[in-house]
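J.: Here you go, model-v6.txt (compact mmCIF, C-alpha atoms and all ligand atoms):
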# COMPACT_ATOMS: atom_id res chain seq x y z
CA MET A 1 -50.62 153.10 -0.02
CA ILE A 2 -53.74 152.44 -2.07
CA THR A 3 -55.47 155.12 -4.10
CA LEU A 4 -58.74 154.64 -5.94
CA ILE A 5 -59.53 157.10 -8.71
CA LYS A 6 -63.23 157.10 -9.57
CA ASN A 7 -65.02 158.41 -12.67
CA ALA A 8 -61.88 159.21 -14.65
CA GLU A 9 -62.22 159.94 -18.34
CA VAL A 10 -58.99 158.33 -19.46
CA TYR A 11 -56.66 159.16 -22.32
CA ALA A 12 -53.99 156.48 -22.00
CA PRO A 13 -53.04 158.38 -24.35
CA MET A 14 -55.53 156.37 -26.44
CA TYR A 15 -59.08 157.16 -25.41
CA LEU A 16 -60.32 154.52 -22.95
CA GLY A 17 -63.54 156.23 -21.87
CA PHE A 18 -64.70 156.38 -18.23
CA LYS A 19 -62.74 154.12 -15.91
CA ASP A 20 -61.83 153.62 -12.28
CA ILE A 21 -58.11 153.27 -11.65
CA LEU A 22 -56.58 151.62 -8.60
CA LEU A 23 -53.05 152.65 -7.70
CA VAL A 24 -51.05 150.30 -5.50
CA HIS A 25 -48.02 152.12 -4.09
CA ASP A 26 -46.18 153.51 -7.10
CA LYS A 27 -47.87 151.34 -9.75
CA ILE A 28 -51.13 151.20 -11.65
CA GLY A 29 -52.77 148.07 -10.24
CA TYR A 30 -56.14 147.88 -11.98
CA ILE A 31 -58.15 149.76 -14.59
CA GLU A 32 -61.79 148.72 -14.67
CA ASP A 33 -65.19 150.13 -15.60
CA GLU A 34 -65.99 150.18 -11.93
CA ILE A 35 -63.99 149.37 -8.83
CA GLU A 36 -65.75 149.39 -5.43
CA ALA A 37 -63.63 150.03 -2.35
CA PRO A 38 -64.44 147.43 0.35
CA VAL A 39 -65.49 148.82 3.72
CA ASN A 40 -63.31 148.18 6.79
CA PHE A 41 -60.50 146.90 4.58
CA VAL A 42 -57.34 149.00 4.71
CA ASP A 43 -56.68 152.70 4.34
CA ILE A 44 -57.76 153.65 0.82
CA GLU A 45 -57.69 157.17 -0.49
CA ILE A 46 -60.52 157.83 -2.91
CA ILE A 47 -60.21 160.57 -5.52
CA ASP A 48 -63.27 161.61 -7.48
CA ALA A 49 -62.09 162.57 -10.98
CA ALA A 50 -65.52 163.53 -12.32
CA GLY A 51 -65.20 166.36 -14.84
CA ARG A 52 -61.53 165.66 -15.40
CA LEU A 53 -59.48 163.92 -18.02
CA VAL A 54 -56.79 161.62 -16.69
CA VAL A 55 -53.70 161.35 -18.88
CA PRO A 56 -50.19 159.89 -18.42
CA GLY A 57 -47.61 162.01 -16.58
CA PHE A 58 -45.61 164.00 -19.10
CA ILE A 59 -42.09 163.07 -20.18
CA ASP A 60 -39.75 165.95 -20.94
CA SER A 61 -36.71 164.32 -22.48
CA HIS A 62 -34.46 167.33 -23.06
CA VAL A 63 -34.01 169.55 -20.01
CA HIS A 64 -30.94 171.32 -18.67
CA ILE A 65 -31.68 170.13 -15.14
CA ILE A 66 -28.43 171.53 -13.69
CA GLY A 67 -28.76 174.72 -15.70
CA GLY A 68 -27.15 175.53 -18.99
CA GLY A 69 -26.25 178.56 -21.01
CA GLY A 70 -23.32 180.73 -20.05
CA GLU A 71 -22.97 181.88 -23.65
CA GLY A 72 -22.99 185.52 -22.53
CA SER A 73 -20.23 184.88 -19.89
CA TYR A 74 -20.39 183.38 -16.42
CA LYS A 75 -23.24 185.50 -15.16
CA THR A 76 -25.50 184.09 -17.86
CA ARG A 77 -25.23 180.53 -16.56
CA THR A 78 -28.83 179.49 -15.96
CA PRO A 79 -30.14 177.99 -12.71
CA GLU A 80 -31.00 174.37 -11.88
CA ILE A 81 -34.56 173.17 -12.21
CA THR A 82 -36.67 172.78 -9.07
CA LEU A 83 -39.09 169.96 -8.35
CA THR A 84 -42.22 172.09 -8.58
CA GLN A 85 -41.21 173.68 -11.88
CA ALA A 86 -41.58 170.15 -13.26
CA THR A 87 -44.60 168.97 -11.30
CA THR A 88 -46.70 172.11 -11.81
CA ALA A 89 -46.10 171.57 -15.54
CA GLY A 90 -47.42 167.98 -15.29
CA ILE A 91 -43.95 166.54 -15.85
CA THR A 92 -43.24 163.35 -13.92
CA THR A 93 -40.24 162.15 -15.95
CA LEU A 94 -37.23 164.20 -17.00
CA VAL A 95 -34.17 163.45 -19.08
CA GLY A 96 -31.33 165.79 -18.20
CA VAL A 97 -28.79 167.07 -20.71
CA ILE A 98 -25.76 169.32 -20.31
CA GLY A 99 -25.48 171.53 -23.41
CA THR A 100 -22.88 174.06 -24.54
CA ASP A 101 -20.75 174.12 -21.40
CA GLY A 102 -19.11 170.73 -20.93
CA THR A 103 -16.48 172.16 -18.61
CA THR A 104 -18.29 173.57 -15.58
CA ARG A 105 -21.37 171.37 -16.07
CA THR A 106 -20.26 167.84 -15.36
CA MET A 107 -21.64 164.32 -15.53
CA SER A 108 -21.12 163.83 -11.78
CA ASN A 109 -23.18 166.93 -11.12
CA ILE A 110 -26.03 165.99 -13.46
CA ILE A 111 -26.27 162.44 -12.06
CA ALA A 112 -26.41 163.82 -8.51
CA LYS A 113 -29.16 166.23 -9.56
CA ALA A 114 -31.11 163.40 -11.23
CA ARG A 115 -30.87 161.38 -8.01
CA GLY A 116 -32.01 164.40 -6.02
CA LEU A 117 -35.11 164.81 -8.18
CA GLU A 118 -35.83 161.09 -7.74
CA GLU A 119 -35.59 161.48 -3.97
CA GLU A 120 -38.03 164.36 -4.20
CA GLY A 121 -40.54 162.12 -5.98
CA ILE A 122 -40.25 162.25 -9.78
CA THR A 123 -38.30 160.14 -12.27
CA CYS A 124 -35.13 161.44 -13.85
CA TYR A 125 -32.57 160.07 -16.30
CA VAL A 126 -29.68 161.73 -18.09
CA HIS A 127 -27.75 161.52 -21.33
CA THR A 128 -23.97 161.36 -21.21
CA GLY A 129 -21.90 164.14 -22.75
CA SER A 130 -22.56 167.70 -23.81
CA TYR A 131 -22.31 169.57 -27.14
CA GLN A 132 -18.70 168.46 -27.38
CA VAL A 133 -16.91 165.82 -29.43
CA PRO A 134 -15.01 163.83 -28.21
CA VAL A 135 -17.84 163.15 -25.79
CA ARG A 136 -17.00 164.03 -22.18
CA THR A 137 -18.40 160.99 -20.42
CA LEU A 138 -18.41 159.94 -16.76
CA THR A 139 -16.25 156.83 -17.07
CA SER A 140 -14.29 157.82 -20.21
CA LYS A 141 -16.30 155.56 -22.53
CA ILE A 142 -19.84 155.90 -23.84
CA GLU A 143 -20.40 152.13 -23.67
CA ASP A 144 -19.24 151.98 -20.03
CA ASP A 145 -21.46 154.91 -19.05
CA LEU A 146 -24.51 153.20 -20.53
CA ILE A 147 -23.72 149.72 -19.25
CA LEU A 148 -22.60 150.66 -15.74
CA ILE A 149 -24.54 153.78 -14.75
CA ASP A 150 -28.28 153.22 -14.28
CA LYS A 151 -29.22 156.86 -14.77
CA ILE A 152 -27.52 157.17 -18.17
CA ILE A 153 -29.82 156.14 -21.03
CA GLY A 154 -28.28 157.84 -24.07
CA VAL A 155 -25.73 160.28 -25.40
CA GLY A 156 -26.09 163.98 -26.01
CA GLU A 157 -26.98 166.56 -26.77
CA ILE A 158 -24.18 166.39 -29.36
CA ALA A 159 -24.16 169.63 -31.35
CA ILE A 160 -24.01 169.65 -35.14
CA ALA A 161 -24.77 172.33 -37.74
CA ASP A 162 -23.98 175.00 -35.16
CA HIS A 163 -21.17 177.53 -34.70
CA ARG A 164 -20.93 176.33 -31.09
CA SER A 165 -20.47 172.67 -32.04
CA SER A 166 -17.13 170.83 -32.12
CA GLN A 167 -17.63 170.54 -35.90
CA PRO A 168 -17.60 166.73 -35.70
CA THR A 169 -16.95 164.73 -38.86
CA MET A 170 -19.21 162.02 -40.22
CA GLU A 171 -16.76 159.40 -38.90
CA GLU A 172 -16.80 160.92 -35.42
CA LEU A 173 -20.58 160.97 -35.30
CA ALA A 174 -20.70 157.38 -36.58
CA LYS A 175 -18.33 156.27 -33.81
CA ILE A 176 -20.49 157.97 -31.18
CA ALA A 177 -23.63 156.34 -32.57
CA SER A 178 -22.05 152.89 -32.71
CA ALA A 179 -20.79 153.19 -29.11
CA ALA A 180 -24.26 154.31 -28.04
CA ARG A 181 -25.85 151.47 -29.96
CA VAL A 182 -23.67 148.76 -28.44
CA GLY A 183 -23.89 150.28 -24.95
CA GLY A 184 -27.66 150.45 -25.34
CA MET A 185 -27.90 146.83 -26.51
CA LEU A 186 -25.82 145.48 -23.66
CA SER A 187 -27.72 147.45 -21.02
CA GLY A 188 -31.23 147.10 -22.46
CA LYS A 189 -31.43 150.86 -22.81
CA ALA A 190 -32.25 153.03 -25.79
CA GLY A 191 -28.69 154.21 -26.30
CA ILE A 192 -30.17 157.03 -28.32
CA VAL A 193 -27.99 159.84 -29.63
CA ASN A 194 -29.70 163.14 -28.88
CA VAL A 195 -28.42 165.63 -31.46
CA HIS A 196 -28.64 169.40 -31.10
CA LEU A 197 -29.29 171.03 -34.47
CA GLY A 198 -28.19 174.61 -34.96
CA ASP A 199 -28.95 177.12 -37.68
CA SER A 200 -26.22 176.12 -40.16
CA PRO A 201 -27.31 175.21 -43.68
CA SER A 202 -25.86 171.71 -43.31
CA LYS A 203 -28.97 170.90 -41.25
CA LEU A 204 -29.38 167.10 -40.81
CA SER A 205 -26.83 166.13 -43.47
CA LEU A 206 -24.24 164.75 -41.05
CA ILE A 207 -26.75 162.30 -39.55
CA GLU A 208 -28.04 161.42 -43.02
CA ALA A 209 -24.46 160.66 -44.14
CA VAL A 210 -23.95 158.30 -41.17
CA VAL A 211 -27.19 156.51 -41.99
CA GLN A 212 -26.24 156.23 -45.68
CA LYS A 213 -22.62 155.19 -45.27
CA THR A 214 -22.84 152.88 -42.26
CA ASP A 215 -25.32 150.27 -41.10
CA ILE A 216 -26.39 152.33 -38.10
CA PRO A 217 -30.18 152.69 -38.30
CA ILE A 218 -31.75 156.12 -38.54
CA THR A 219 -33.64 155.43 -35.29
CA GLN A 220 -30.37 155.59 -33.33
CA PHE A 221 -30.68 159.37 -33.52
CA HIS A 222 -33.06 161.74 -31.81
CA PRO A 223 -32.39 165.15 -33.37
CA THR A 224 -33.82 168.14 -31.52
CA HIS A 225 -34.71 171.81 -32.24
CA ILE A 226 -36.21 170.62 -35.55
CA ASN A 227 -38.57 173.63 -35.60
CA ARG A 228 -35.85 176.26 -35.16
CA ASN A 229 -36.18 177.50 -38.76
CA GLU A 230 -38.26 176.76 -41.83
CA GLU A 231 -35.51 175.05 -43.86
CA LEU A 232 -34.54 172.75 -41.03
CA PHE A 233 -38.18 171.99 -40.41
CA ILE A 234 -38.69 170.95 -44.05
CA SER A 235 -35.64 168.67 -43.93
CA GLY A 236 -37.05 167.31 -40.66
CA ILE A 237 -40.22 166.28 -42.48
CA ASN A 238 -38.14 164.29 -44.98
CA PHE A 239 -36.02 162.81 -42.19
CA ALA A 240 -39.14 161.65 -40.35
CA LYS A 241 -40.67 160.27 -43.53
CA SER A 242 -37.50 158.18 -43.95
CA GLY A 243 -38.20 156.67 -40.53
CA GLY A 244 -36.23 159.05 -38.31
CA TYR A 245 -37.43 160.61 -35.06
CA VAL A 246 -37.80 164.37 -34.82
CA ASP A 247 -38.02 166.45 -31.67
CA PHE A 248 -39.62 169.90 -31.44
CA THR A 249 -38.45 172.46 -28.87
CA THR A 250 -41.34 174.15 -27.07
CA SER A 251 -39.50 176.93 -25.18
CA THR A 252 -39.31 180.06 -27.26
CA VAL A 253 -39.16 183.84 -27.20
CA GLN A 254 -40.81 186.30 -29.54
CA ARG A 255 -37.60 186.96 -31.47
CA PHE A 256 -37.17 183.30 -32.41
CA LEU A 257 -40.68 183.17 -33.85
CA TYR A 258 -40.07 186.49 -35.61
CA ASN A 259 -36.91 185.02 -37.15
CA GLY A 260 -38.73 182.04 -38.59
CA GLU A 261 -39.04 179.47 -35.83
CA VAL A 262 -41.97 177.17 -36.52
CA LYS A 263 -44.55 177.12 -33.71
CA CYS A 264 -44.91 173.64 -32.28
CA GLY A 265 -48.66 173.17 -32.64
CA GLU A 266 -48.64 174.49 -36.18
CA GLY A 267 -45.53 172.47 -37.04
CA LEU A 268 -47.06 169.28 -35.69
CA LYS A 269 -50.12 169.84 -37.84
CA ARG A 270 -47.97 170.43 -40.92
CA MET A 271 -45.95 167.27 -40.26
CA LEU A 272 -49.09 165.17 -39.92
CA GLU A 273 -50.52 166.67 -43.10
CA ALA A 274 -47.24 165.86 -44.88
CA GLY A 275 -47.71 162.20 -43.94
CA VAL A 276 -45.30 161.92 -41.00
CA PRO A 277 -46.54 159.24 -38.58
CA ILE A 278 -47.20 160.82 -35.17
CA GLU A 279 -45.12 158.01 -33.62
CA GLN A 280 -41.95 159.63 -35.04
CA VAL A 281 -42.51 162.94 -33.25
CA THR A 282 -41.68 164.17 -29.77
CA PHE A 283 -41.83 167.54 -28.02
CA THR A 284 -39.32 168.61 -25.36
CA SER A 285 -39.03 171.93 -23.56
CA ASP A 286 -35.25 172.57 -23.55
CA GLY A 287 -36.08 173.80 -20.03
CA GLN A 288 -33.45 175.86 -18.16
CA ALA A 289 -31.56 176.52 -21.42
CA SER A 290 -30.58 180.12 -22.05
CA LEU A 291 -32.63 181.97 -24.66
CA PRO A 292 -30.75 185.13 -25.58
CA GLU A 293 -32.99 188.02 -26.61
CA PHE A 294 -32.18 190.83 -29.00
CA ASN A 295 -34.12 193.95 -29.95
CA SER A 296 -35.13 194.78 -33.52
CA ASN A 297 -31.64 196.28 -34.11
CA GLY A 298 -30.07 192.97 -33.14
CA GLU A 299 -28.74 194.34 -29.85
CA PHE A 300 -28.55 191.98 -26.90
CA ILE A 301 -31.21 193.00 -24.41
CA GLY A 302 -31.15 190.09 -22.05
CA LEU A 303 -31.61 186.45 -21.46
CA GLN A 304 -34.61 184.37 -20.79
CA VAL A 305 -34.55 180.84 -19.51
CA GLY A 306 -36.32 177.94 -21.21
CA ASN A 307 -39.35 176.89 -19.24
CA VAL A 308 -40.66 173.34 -18.85
CA SER A 309 -44.20 174.72 -18.61
CA SER A 310 -44.03 175.31 -22.37
CA LEU A 311 -44.09 171.53 -22.91
CA PHE A 312 -47.77 171.01 -22.21
CA SER A 313 -48.84 174.51 -23.22
CA GLN A 314 -47.67 173.73 -26.76
CA VAL A 315 -49.49 170.40 -26.77
CA LYS A 316 -52.58 172.24 -25.54
CA GLU A 317 -52.20 174.73 -28.38
CA ALA A 318 -51.92 171.85 -30.87
CA VAL A 319 -55.28 170.59 -29.59
CA LEU A 320 -57.20 173.80 -28.93
CA LYS A 321 -55.85 175.94 -31.78
CA GLU A 322 -54.80 173.46 -34.45
CA GLY A 323 -57.57 170.92 -33.87
CA ILE A 324 -55.30 167.90 -33.41
CA PRO A 325 -57.17 165.27 -31.35
CA LEU A 326 -55.98 165.12 -27.73
CA GLU A 327 -55.17 161.40 -27.92
CA LYS A 328 -52.82 162.14 -30.82
CA ALA A 329 -51.19 165.30 -29.51
CA LEU A 330 -50.58 163.73 -26.10
CA GLN A 331 -48.42 161.02 -27.67
CA VAL A 332 -45.57 163.47 -28.34
CA ILE A 333 -44.98 163.93 -24.59
CA THR A 334 -46.07 160.49 -23.29
CA SER A 335 -46.04 157.23 -25.26
CA ASN A 336 -43.64 158.36 -28.00
CA PRO A 337 -40.73 159.45 -25.78
CA ALA A 338 -41.34 156.38 -23.57
CA ARG A 339 -41.04 154.06 -26.57
CA ILE A 340 -38.14 155.89 -28.23
CA LEU A 341 -36.17 156.09 -24.97
CA LYS A 342 -37.21 152.58 -23.85
CA LEU A 343 -38.73 153.82 -20.59
CA LYS A 344 -40.89 150.75 -20.30
CA ASP A 345 -42.78 151.75 -17.14
CA LYS A 346 -43.67 155.18 -18.50
CA GLY A 347 -45.81 156.96 -21.03
CA ASN A 348 -49.09 155.00 -20.91
CA ILE A 349 -51.90 154.47 -18.45
CA GLU A 350 -51.72 150.71 -18.31
CA VAL A 351 -51.75 148.06 -15.59
CA GLY A 352 -48.23 147.50 -14.26
CA LYS A 353 -46.87 150.86 -15.36
CA ASP A 354 -45.74 153.57 -12.97
CA ALA A 355 -48.55 155.55 -11.37
CA ASP A 356 -47.67 158.85 -13.05
CA LEU A 357 -50.89 160.69 -13.83
CA VAL A 358 -52.05 164.17 -14.75
CA PHE A 359 -55.64 165.32 -14.22
CA LEU A 360 -56.84 167.95 -16.67
CA GLU A 361 -59.91 170.18 -16.49
CA LYS A 362 -62.15 168.91 -19.23
CA GLU A 363 -63.27 172.31 -20.51
CA ASN A 364 -59.90 174.07 -20.90
CA LEU A 365 -57.28 171.30 -20.44
CA ASN A 366 -55.68 173.17 -17.53
CA ILE A 367 -53.65 171.01 -15.17
CA HIS A 368 -55.71 170.25 -12.07
CA SER A 369 -53.70 167.58 -10.24
CA VAL A 370 -50.52 165.56 -10.66
CA ILE A 371 -49.57 162.18 -9.22
CA ALA A 372 -45.97 160.95 -9.52
CA LYS A 373 -45.10 157.35 -8.61
CA GLY A 374 -48.41 157.05 -6.77
CA LYS A 375 -47.96 160.20 -4.70
CA LYS A 376 -50.05 163.37 -5.02
CA MET A 377 -47.69 166.20 -5.94
CA ILE A 378 -50.23 168.81 -7.09
CA GLU A 379 -53.91 168.89 -6.13
CA ASN A 380 -56.41 171.34 -7.56
CA GLY A 381 -53.51 173.55 -8.70
CA LYS A 382 -51.95 173.59 -5.23
CA VAL A 383 -48.43 172.31 -4.60
CA LEU A 384 -48.52 169.50 -2.02
CA VAL A 385 -44.88 168.44 -2.28
CA LYS A 386 -42.10 171.01 -2.53
CA GLY A 387 -38.49 170.50 -3.46
CA THR A 388 -36.01 170.44 -0.58
CA PHE A 389 -35.10 174.14 -0.72
CA GLU A 390 -38.35 175.52 -2.10
ZN ZN A 401 -29.72 172.27 -27.79
Before anything else, please render the file you have as structure tokens.
Ligand code: ZN

T.:
Amino acid sequence: MITLIKNAEVYAPMYLGFKDILLVHDKIGYIEDEIEAPVNFVDIEIIDAAGRLVVPGFIDSHVHIIGGGGEGSYKTRTPEITLTQATTAGITTLVGVIGTDGTTRTMSNIIAKARGLEEEGITCYVHTGSYQVPVRTLTSKIEDDLILIDKIIGVGEIAIADHRSSQPTMEELAKIASAARVGGMLSGKAGIVNVHLGDSPSKLSLIEAVVQKTDIPITQFHPTHINRNEELFISGINFAKSGGYVDFTTSTVQRFLYNGEVKCGEGLKRMLEAGVPIEQVTFTSDGQASLPEFNSNGEFIGLQVGNVSSLFSQVKEAVLKEGIPLEKALQVITSNPARILKLKDKGNIEVGKDADLVFLEKENLNIHSVIAKGKKMIENGKVLVKGTFE
């Protein structure tokens, strides 16, 4: 399968200008100023990308792929993600996490789901564990999970600073991080510890204590929901300025913003203005998580479900509303998560990397087409490949 993309204006995410890109099966084979397809050679599909920007497929590294929630009883357990929810949002790589419910949502289930999404055409990894400490792993040890199970690339989301967390101690978090670190080293994986931050005033202090009192580097942690309130956001700026990674959550509901959640585009701009290097920042959608909604009297009025489509819409807002250059804003969902999570074939448009590409309309940045591992999933807004039961 050979695909030649002509006249692409490429953001790799760095701006490369106008290029032709040759895809060979699932890889990017060549990127040149001009590539001519020979006549009477082999079957080559030619795509004219004139008027479009071609960017790397998006990486959403915190998604409840088997559903999450359940915090309002069994009926509030949220559904699994489908293939086209991801692909229509430009997402070609997912990292699945479990969340609050580590009992009915299991590692076996999430690994099977990740494999299913791979069979359907996108790339999917998972973290081991849930909110809970001790971590409920697949094999009974974090190191073994990382070293022996290909799909497992890190640990999490471990909850801290939250009434729903296991209230882990500094020592417990340090043990998790050291197991993740050693497992990551021995398997060549990131072994990152994805940490869910709640609304408690202790904020990032548990992670900061581990970094201070042990020799575990700050980069072992990937704390998420950093924009959930103003105070946490401010401590996130300091954490990032000390070299830590910070992850914004893009799924939201009106109430969260009303209660002080920092909007992603605006937050990104503030972080950059505060001197945080863009390389320290990622966005994830928290897709398929439950988002409980309350009215102005604080009464529960229903649940919404986190949506992966918020991932790129918030990046778009950062560009169109906050004036952050596209090549910068794109990094938070492409090259940054790829580097932080050691997904070496992902995140950049570069020879030898996976052929995961998103075509954007130049005038409004709307998603036009999506290619995952060399295969057209979405073309001109139309779904070409559906999930098995869609
Ligand atoms: Zn979370």

J.: Enumerate as a PDB file with C-alpha atoms, keeping the file's coordinate frame the residues within 10 Å of ligand ZN 401 (chain A), counting all atoms listed in the file.

T.:
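Output file pocket-v1.pdb is given in full below:
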ATOM      1  CA  HIS A  62     -34.460 167.330 -23.060  1.00  0.00           C
ATOM      2  CA  VAL A  63     -34.010 169.550 -20.010  1.00  0.00           C
ATOM      3  CA  HIS A  64     -30.940 171.320 -18.670  1.00  0.00           C
ATOM      4  CA  GLY A  68     -27.150 175.530 -18.990  1.00  0.00           C
ATOM      5  CA  GLY A  69     -26.250 178.560 -21.010  1.00  0.00           C
ATOM      6  CA  VAL A  97     -28.790 167.070 -20.710  1.00  0.00           C
ATOM      7  CA  ILE A  98     -25.760 169.320 -20.310  1.00  0.00           C
ATOM      8  CA  GLY A  99     -25.480 171.530 -23.410  1.00  0.00           C
ATOM      9  CA  THR A 100     -22.880 174.060 -24.540  1.00  0.00           C
ATOM     10  CA  SER A 130     -22.560 167.700 -23.810  1.00  0.00           C
ATOM     11  CA  TYR A 131     -22.310 169.570 -27.140  1.00  0.00           C
ATOM     12  CA  GLY A 156     -26.090 163.980 -26.010  1.00  0.00           C
ATOM     13  CA  GLU A 157     -26.980 166.560 -26.770  1.00  0.00           C
ATOM     14  CA  ILE A 158     -24.180 166.390 -29.360  1.00  0.00           C
ATOM     15  CA  ALA A 159     -24.160 169.630 -31.350  1.00  0.00           C
ATOM     16  CA  ILE A 160     -24.010 169.650 -35.140  1.00  0.00           C
ATOM     17  CA  ASP A 162     -23.980 175.000 -35.160  1.00  0.00           C
ATOM     18  CA  ASN A 194     -29.700 163.140 -28.880  1.00  0.00           C
ATOM     19  CA  VAL A 195     -28.420 165.630 -31.460  1.00  0.00           C
ATOM     20  CA  HIS A 196     -28.640 169.400 -31.100  1.00  0.00           C
ATOM     21  CA  LEU A 197     -29.290 171.030 -34.470  1.00  0.00           C
ATOM     22  CA  GLY A 198     -28.190 174.610 -34.960  1.00  0.00           C
ATOM     23  CA  PRO A 223     -32.390 165.150 -33.370  1.00  0.00           C
ATOM     24  CA  THR A 224     -33.820 168.140 -31.520  1.00  0.00           C
ATOM     25  CA  HIS A 225     -34.710 171.810 -32.240  1.00  0.00           C
ATOM     26  CA  THR A 249     -38.450 172.460 -28.870  1.00  0.00           C
ATOM     27  CA  ASP A 286     -35.250 172.570 -23.550  1.00  0.00           C
ATOM     28  CA  ALA A 289     -31.560 176.520 -21.420  1.00  0.00           C
ATOM     29  CA  SER A 290     -30.580 180.120 -22.050  1.00  0.00           C
TER      30      SER A 290
END

J.: Which residues are close to Ala329 in chain A, i.e. within 10 Å by all atoms listed in the file, leaving aside same-chain residues fewer than 6 positions away? Reply as a list in words.

T.: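 Here the answer would be Pro13, Gly265, Leu268, Lys269, Ile278, Val281, Thr282, Phe283, Phe312, Gln314, Val315, Lys316, Glu317, Ala318, Val319 and Gly323 of chain A.
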
J.: Go ahead and dump the residues you just picked, C-alpha atoms, as a PDB file, keeping the file's coordinate frame.

T.:
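Okay, out_22.pdb is ready:
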ATOM      1  CA  PRO A  13     -53.040 158.380 -24.350  1.00  0.00           C
ATOM      2  CA  GLY A 265     -48.660 173.170 -32.640  1.00  0.00           C
ATOM      3  CA  LEU A 268     -47.060 169.280 -35.690  1.00  0.00           C
ATOM      4  CA  LYS A 269     -50.120 169.840 -37.840  1.00  0.00           C
ATOM      5  CA  ILE A 278     -47.200 160.820 -35.170  1.00  0.00           C
ATOM      6  CA  VAL A 281     -42.510 162.940 -33.250  1.00  0.00           C
ATOM      7  CA  THR A 282     -41.680 164.170 -29.770  1.00  0.00           C
ATOM      8  CA  PHE A 283     -41.830 167.540 -28.020  1.00  0.00           C
ATOM      9  CA  PHE A 312     -47.770 171.010 -22.210  1.00  0.00           C
ATOM     10  CA  GLN A 314     -47.670 173.730 -26.760  1.00  0.00           C
ATOM     11  CA  VAL A 315     -49.490 170.400 -26.770  1.00  0.00           C
ATOM     12  CA  LYS A 316     -52.580 172.240 -25.540  1.00  0.00           C
ATOM     13  CA  GLU A 317     -52.200 174.730 -28.380  1.00  0.00           C
ATOM     14  CA  ALA A 318     -51.920 171.850 -30.870  1.00  0.00           C
ATOM     15  CA  VAL A 319     -55.280 170.590 -29.590  1.00  0.00           C
ATOM     16  CA  GLY A 323     -57.570 170.920 -33.870  1.00  0.00           C
TER      17      GLY A 323
END

J.: Closest to Gln220 in chain A among A:Ser187, A:Gln132, A:Ile340, A:Glu293, using only C-alpha atoms?

T.: A:Ile340

J.: Around range 171-190 of chain A, with edges along x, y and z and 6 Å added on all six sides, what centre and edge lengths do you get, in Å to one decimal, as AutoDock Vina command-line options?

T.:
--center_x -24.5 --center_y 153.2 --center_z -30.0 --size_x 27.5 --size_y 27.5 --size_z 29.9

J.: In Å to one decimal, how far is CA of Ile91 in chain A from CA of Leu311 in chain A?

T.: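 About the pair CA of Leu311 in chain A and CA of Ile91 in chain A: they are 8.6 Å apart.
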
J.: Calculate how many Å separate CA of Phe41 in chain A from CA of Asn7 in chain A, rounding to one decimal.

T.: 21.2 Å

J.: For Thr214 in chain A, which of A:Ser202, A:Ser178, A:Ser335, A:Asn297 is the closest residue, counting only C-alpha atoms?

T.: A:Ser178

J.: Would you mind reading off the distance between CA of Gly275 in chain A and CA of Glu327 in chain A, one decimal, in Å?

T.: 17.7 Å

J.: Output: range 156-167 of chain A of the preceding structure, restricted to C-alpha atoms, written as a PDB file, in the first residue's frame.

T.:
ATOM      1  CA  GLY A 156      -2.136   5.308  36.912  1.00  0.00           C
ATOM      2  CA  GLU A 157      -4.159   7.260  37.220  1.00  0.00           C
ATOM      3  CA  ILE A 158      -3.243   7.146  40.926  1.00  0.00           C
ATOM      4  CA  ALA A 159      -5.488   9.561  42.815  1.00  0.00           C
ATOM      5  CA  ILE A 160      -4.087  12.051  45.322  1.00  0.00           C
ATOM      6  CA  ALA A 161      -5.523  15.202  46.892  1.00  0.00           C
ATOM      7  CA  ASP A 162      -9.024  13.822  46.393  1.00  0.00           C
ATOM      8  CA  HIS A 163     -11.750  12.511  48.702  1.00  0.00           C
ATOM      9  CA  ARG A 164     -12.011   9.494  46.388  1.00  0.00           C
ATOM     10  CA  SER A 165      -8.311   8.628  46.626  1.00  0.00           C
ATOM     11  CA  SER A 166      -6.840   5.894  48.842  1.00  0.00           C
ATOM     12  CA  GLN A 167      -5.107   8.699  50.773  1.00  0.00           C
TER      13      GLN A 167
END
